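Here is the file final.csv (CSV, N, CA and C atoms).
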chain,number,residue,atom,x,y,z
A,1,MET,N,162.5,32.1,155.8
A,1,MET,CA,161.6,32.0,157.0
A,1,MET,C,161.0,33.4,157.3
A,2,ARG,N,161.8,34.4,157.2
A,2,ARG,CA,161.4,35.8,157.5
A,2,ARG,C,160.2,36.2,156.6
A,3,PHE,N,160.3,35.8,155.3
A,3,PHE,CA,159.2,36.1,154.4
A,3,PHE,C,157.9,35.4,154.7
A,4,ARG,N,158.0,34.2,155.2
A,4,ARG,CA,156.8,33.5,155.6
A,4,ARG,C,156.1,34.2,156.8
A,5,ASN,N,156.9,34.7,157.7
A,5,ASN,CA,156.3,35.4,158.8
A,5,ASN,C,155.6,36.7,158.4
A,6,GLU,N,156.3,37.5,157.5
A,6,GLU,CA,155.8,38.7,156.9
A,6,GLU,C,154.5,38.4,156.1
A,7,PHE,N,154.6,37.3,155.3
A,7,PHE,CA,153.4,36.9,154.6
A,7,PHE,C,152.2,36.7,155.5
A,8,LYS,N,152.4,35.9,156.5
A,8,LYS,CA,151.3,35.6,157.5
A,8,LYS,C,150.8,36.9,158.1
A,9,THR,N,151.6,37.8,158.4
A,9,THR,CA,151.2,39.1,159.0
A,9,THR,C,150.4,39.9,158.0
A,10,LEU,N,150.9,40.0,156.8
A,10,LEU,CA,150.1,40.7,155.7
A,10,LEU,C,148.8,40.0,155.4
A,11,TYR,N,148.8,38.7,155.4
A,11,TYR,CA,147.6,38.0,155.1
A,11,TYR,C,146.5,38.3,156.1
A,12,SER,N,146.9,38.4,157.4
A,12,SER,CA,145.9,38.7,158.4
A,12,SER,C,145.4,40.2,158.3
A,13,GLU,N,146.3,41.0,157.9
A,13,GLU,CA,146.0,42.5,157.7
A,13,GLU,C,145.0,42.6,156.5
A,14,ILE,N,145.3,42.0,155.4
A,14,ILE,CA,144.4,42.1,154.3
A,14,ILE,C,143.0,41.4,154.6
A,15,GLU,N,143.1,40.4,155.4
A,15,GLU,CA,141.8,39.8,155.8
A,15,GLU,C,141.0,40.7,156.7
A,16,LYS,N,141.6,41.4,157.6
A,16,LYS,CA,140.9,42.4,158.4
A,16,LYS,C,140.3,43.5,157.5
A,17,LEU,N,141.1,44.0,156.5
A,17,LEU,CA,140.7,45.0,155.6
A,17,LEU,C,139.5,44.5,154.8
A,18,LEU,N,139.5,43.3,154.4
A,18,LEU,CA,138.4,42.7,153.6
A,18,LEU,C,137.1,42.6,154.4
A,19,LYS,N,137.3,42.3,155.7
A,19,LYS,CA,136.1,42.3,156.6
A,19,LYS,C,135.5,43.7,156.7
A,20,ARG,N,136.3,44.7,156.8
A,20,ARG,CA,135.8,46.1,156.8
A,20,ARG,C,135.2,46.4,155.5
A,21,ASP,N,135.7,45.9,154.4
A,21,ASP,CA,135.2,46.2,153.0
A,21,ASP,C,133.8,45.7,152.9
A,22,GLN,N,133.5,44.6,153.5
A,22,GLN,CA,132.1,44.0,153.4
A,22,GLN,C,131.1,45.0,154.0
A,23,HIS,N,131.6,45.8,154.9
A,23,HIS,CA,130.7,46.8,155.4
A,23,HIS,C,130.8,48.2,154.7
A,24,HIS,N,131.5,48.2,153.6
A,24,HIS,CA,131.7,49.3,152.7
A,24,HIS,C,132.5,50.4,153.4
A,25,ILE,N,133.4,50.0,154.2
A,25,ILE,CA,134.3,50.9,154.9
A,25,ILE,C,135.7,50.5,154.4
A,26,VAL,N,136.2,51.1,153.3
A,26,VAL,CA,137.5,50.8,152.7
A,26,VAL,C,138.5,51.9,153.0
A,27,ASP,N,139.5,51.5,153.7
A,27,ASP,CA,140.6,52.5,153.9
A,27,ASP,C,141.6,52.4,152.8
A,28,GLU,N,141.5,53.3,151.8
A,28,GLU,CA,142.3,53.2,150.6
A,28,GLU,C,143.8,53.4,150.9
A,29,SER,N,144.1,54.2,151.8
A,29,SER,CA,145.6,54.4,152.2
A,29,SER,C,146.1,53.1,152.8
A,30,LYS,N,145.3,52.5,153.7
A,30,LYS,CA,145.8,51.2,154.3
A,30,LYS,C,146.0,50.2,153.2
A,31,PHE,N,145.0,50.1,152.3
A,31,PHE,CA,145.1,49.1,151.3
A,31,PHE,C,146.3,49.3,150.4
A,32,SER,N,146.5,50.6,150.1
A,32,SER,CA,147.7,50.9,149.2
A,32,SER,C,149.0,50.5,149.9
A,33,THR,N,149.1,50.8,151.2
A,33,THR,CA,150.3,50.4,151.9
A,33,THR,C,150.5,48.9,152.0
A,34,LEU,N,149.4,48.2,152.3
A,34,LEU,CA,149.5,46.7,152.3
A,34,LEU,C,149.9,46.2,151.0
A,35,LYS,N,149.3,46.7,149.9
A,35,LYS,CA,149.6,46.2,148.6
A,35,LYS,C,151.0,46.4,148.2
A,36,LYS,N,151.6,47.5,148.6
A,36,LYS,CA,153.1,47.7,148.3
A,36,LYS,C,153.9,46.7,149.1
A,37,GLU,N,153.6,46.4,150.3
A,37,GLU,CA,154.3,45.4,151.1
A,37,GLU,C,154.1,44.0,150.6
A,38,ILE,N,152.9,43.7,150.1
A,38,ILE,CA,152.7,42.4,149.6
A,38,ILE,C,153.4,42.2,148.3
A,39,LEU,N,153.5,43.3,147.4
A,39,LEU,CA,154.2,43.2,146.2
A,39,LEU,C,155.7,43.0,146.4
A,40,ASP,N,156.2,43.6,147.5
A,40,ASP,CA,157.7,43.4,147.8
A,40,ASP,C,157.9,42.0,148.1
A,41,ILE,N,157.1,41.3,148.9
A,41,ILE,CA,157.2,39.9,149.3
A,41,ILE,C,157.1,39.0,148.0
A,42,LEU,N,156.1,39.3,147.2
A,42,LEU,CA,155.8,38.5,146.0
A,42,LEU,C,157.0,38.7,145.0
A,43,ARG,N,157.6,39.9,144.9
A,43,ARG,CA,158.7,40.1,144.0
A,43,ARG,C,159.9,39.3,144.5
A,44,THR,N,160.1,39.3,145.8
A,44,THR,CA,161.2,38.5,146.3
A,44,THR,C,161.0,37.0,146.2
A,45,SER,N,159.8,36.6,146.5
A,45,SER,CA,159.5,35.1,146.5
A,45,SER,C,159.4,34.5,145.2
A,46,PHE,N,158.6,35.2,144.3
A,46,PHE,CA,158.3,34.7,143.0
A,46,PHE,C,158.8,35.4,141.8
A,47,GLY,N,159.2,36.7,142.0
A,47,GLY,CA,159.7,37.4,140.8
A,47,GLY,C,158.6,38.3,140.2
A,48,GLU,N,159.0,39.3,139.5
A,48,GLU,CA,158.1,40.3,138.9
A,48,GLU,C,157.3,39.7,137.7
A,49,THR,N,157.8,38.6,137.2
A,49,THR,CA,157.1,38.0,136.0
A,49,THR,C,156.1,36.9,136.5
A,50,SER,N,156.0,36.7,137.8
A,50,SER,CA,155.0,35.6,138.2
A,50,SER,C,153.6,36.1,138.1
A,51,ARG,N,152.7,35.2,137.9
A,51,ARG,CA,151.3,35.5,137.8
A,51,ARG,C,150.8,36.2,139.1
A,52,GLU,N,151.2,35.7,140.2
A,52,GLU,CA,150.7,36.3,141.5
A,52,GLU,C,151.1,37.8,141.6
A,53,TYR,N,152.3,38.1,141.3
A,53,TYR,CA,152.8,39.5,141.3
A,53,TYR,C,152.0,40.4,140.4
A,54,ARG,N,151.8,39.9,139.2
A,54,ARG,CA,151.1,40.7,138.1
A,54,ARG,C,149.7,41.0,138.5
A,55,VAL,N,149.0,39.9,139.0
A,55,VAL,CA,147.6,40.1,139.4
A,55,VAL,C,147.5,41.1,140.5
A,56,VAL,N,148.3,41.0,141.6
A,56,VAL,CA,148.2,41.9,142.7
A,56,VAL,C,148.6,43.4,142.2
A,57,LYS,N,149.6,43.5,141.4
A,57,LYS,CA,150.0,44.8,140.9
A,57,LYS,C,148.9,45.5,140.1
A,58,LEU,N,148.1,44.7,139.3
A,58,LEU,CA,147.1,45.3,138.4
A,58,LEU,C,145.8,45.6,139.1
A,59,THR,N,145.5,45.0,140.3
A,59,THR,CA,144.2,45.1,140.9
A,59,THR,C,144.1,46.2,141.9
A,60,ASN,N,142.9,46.7,142.1
A,60,ASN,CA,142.7,47.7,143.2
A,60,ASN,C,141.6,47.1,144.1
A,61,SER,N,141.5,45.8,144.1
A,61,SER,CA,140.5,45.2,144.9
A,61,SER,C,141.1,44.4,146.1
A,62,PRO,N,140.7,44.7,147.3
A,62,PRO,CA,141.2,43.9,148.4
A,62,PRO,C,140.8,42.4,148.3
A,63,VAL,N,139.6,42.2,147.7
A,63,VAL,CA,139.1,40.8,147.6
A,63,VAL,C,140.1,40.0,146.7
A,64,THR,N,140.5,40.6,145.6
A,64,THR,CA,141.4,39.9,144.6
A,64,THR,C,142.8,39.6,145.3
A,65,VAL,N,143.3,40.6,146.0
A,65,VAL,CA,144.6,40.4,146.7
A,65,VAL,C,144.4,39.3,147.7
A,66,PHE,N,143.3,39.3,148.4
A,66,PHE,CA,143.1,38.2,149.4
A,66,PHE,C,143.0,36.9,148.8
A,67,LYS,N,142.4,36.8,147.6
A,67,LYS,CA,142.3,35.5,146.9
A,67,LYS,C,143.6,35.0,146.5
A,68,VAL,N,144.5,35.9,146.0
A,68,VAL,CA,145.8,35.5,145.6
A,68,VAL,C,146.6,35.0,146.8
A,69,MET,N,146.5,35.7,147.9
A,69,MET,CA,147.3,35.3,149.1
A,69,MET,C,146.7,34.0,149.6
A,70,ASN,N,145.4,33.8,149.5
A,70,ASN,CA,144.8,32.6,150.0
A,70,ASN,C,145.3,31.4,149.1
A,71,HIS,N,145.4,31.6,147.8
A,71,HIS,CA,145.9,30.6,146.9
A,71,HIS,C,147.4,30.3,147.2
A,72,ILE,N,148.2,31.3,147.5
A,72,ILE,CA,149.6,31.0,147.8
A,72,ILE,C,149.7,30.3,149.2
A,73,SER,N,148.9,30.7,150.1
A,73,SER,CA,148.9,30.0,151.4
A,73,SER,C,148.5,28.6,151.3
A,74,ALA,N,147.5,28.3,150.5
A,74,ALA,CA,147.0,26.9,150.4
A,74,ALA,C,148.1,26.1,149.7
A,75,ARG,N,148.7,26.7,148.7
A,75,ARG,CA,149.8,26.0,147.9
A,75,ARG,C,151.0,25.7,148.8
A,76,THR,N,151.3,26.6,149.7
A,76,THR,CA,152.4,26.5,150.6
A,76,THR,C,152.2,25.4,151.6
A,77,GLU,N,150.9,25.4,152.1
A,77,GLU,CA,150.6,24.3,153.1
A,77,GLU,C,150.6,22.9,152.5
A,78,THR,N,150.2,22.8,151.2
A,78,THR,CA,150.3,21.5,150.5
A,78,THR,C,151.7,21.1,150.3
A,79,LEU,N,152.6,22.0,150.0
A,79,LEU,CA,154.0,21.7,149.8
A,79,LEU,C,154.6,21.3,151.1
A,80,THR,N,154.3,22.0,152.2
A,80,THR,CA,154.8,21.7,153.5
A,80,THR,C,154.3,20.3,153.9
A,81,SER,N,153.0,20.0,153.7
A,81,SER,CA,152.5,18.7,154.1
A,81,SER,C,153.2,17.6,153.3
A,82,ASN,N,153.5,17.8,152.0
A,82,ASN,CA,154.2,16.8,151.2
A,82,ASN,C,155.6,16.6,151.7
A,83,ASN,N,156.3,17.7,152.2
A,83,ASN,CA,157.6,17.6,152.7
A,83,ASN,C,157.6,16.8,154.0
A,84,ILE,N,156.6,17.0,154.8
A,84,ILE,CA,156.6,16.2,156.1
A,84,ILE,C,156.3,14.8,155.8
A,85,ALA,N,155.4,14.5,154.9
A,85,ALA,CA,155.1,13.1,154.6
A,85,ALA,C,156.4,12.4,154.0
A,86,VAL,N,157.1,13.0,153.2
A,86,VAL,CA,158.4,12.5,152.6
A,86,VAL,C,159.4,12.2,153.7
A,87,ASN,N,159.5,13.2,154.6
A,87,ASN,CA,160.5,13.1,155.7
A,87,ASN,C,160.2,12.0,156.7
A,88,MET,N,159.0,11.6,156.8
A,88,MET,CA,158.6,10.6,157.8
A,88,MET,C,159.0,9.3,157.2

What is this file in structure tokens?
Amino acid sequence: MRFRNEFKTLYSEIEKLLKRDQHHIVDESKFSTLKKEILDILRTSFGETSREYRVVKLTNSPVTVFKVMNHISARTETLTSNNIAVNM
């Protein structure tokens, strides 16, 4: 549960950074810090050999990191919806 809350927080932070990036104002130190935190969560949740972890580790683009997190978020919502449907 703790990782889910951290993930949501980091997701919103990378989204804000992405919005600033559209205006060509990229805070490299902020992105670097967010990327490290995201990698920690991905390592704990999926492991270092996961595709998500490797993509985020190799990229320097906030857009790519956002896409990976968006993919994880969509997948998590689908899994949660399936669990609710089964439990009903």

Next on the checklist: For a test of reading the model, state the distance in Å between atom C of Leu39 of chain A and atom N of Lys19 of chain A, rounded to one decimal.
Outcome noted: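 Interatomic distance here is 20.6 Å.
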
Item to check | Members of segment 15-61 of chain A assigned alpha helix (DSSP H) by DSSP, as a ChimeraX atom specification | outcome: /A:15-21,28-46,51-58

Checklist outcome for this item: Taken to one decimal, the atom CA of Glu6 of chain A-atom CA of Pro62 of chain A distance is 17.7 Å

Item to check | d(atom CA of Thr49 of chain A, atom N of Tyr11 of chain A) in Å | outcome: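 Interatomic distance here is 21.1 Å.
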
Item to check | Long-range neighbours of Lys67 of chain A as a PyMOL selection string, 12 Å cut-off, only C-alpha atoms, 2 positions minimum in chain | outcome: chain A and resi 11+14-15+18+52+55-56+59+61-65+69-74

Checklist entry - For Glu37 of chain A, which of A:Asn5, A:Leu10, A:Val68, A:Ser50 is the closest residue, counting all atoms listed in the file? => result A:Leu10

Checklist entry - Out of A:Thr76, A:Thr44, A:Asn60, A:Lys30, which residue has the shortest atom-to-atom distance to Lys8 of chain A when counting only C-alpha atoms? => result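 Ranking A:Thr76, A:Thr44, A:Asn60, A:Lys30 by distance to Lys8 of chain A, first place goes to A:Thr76.
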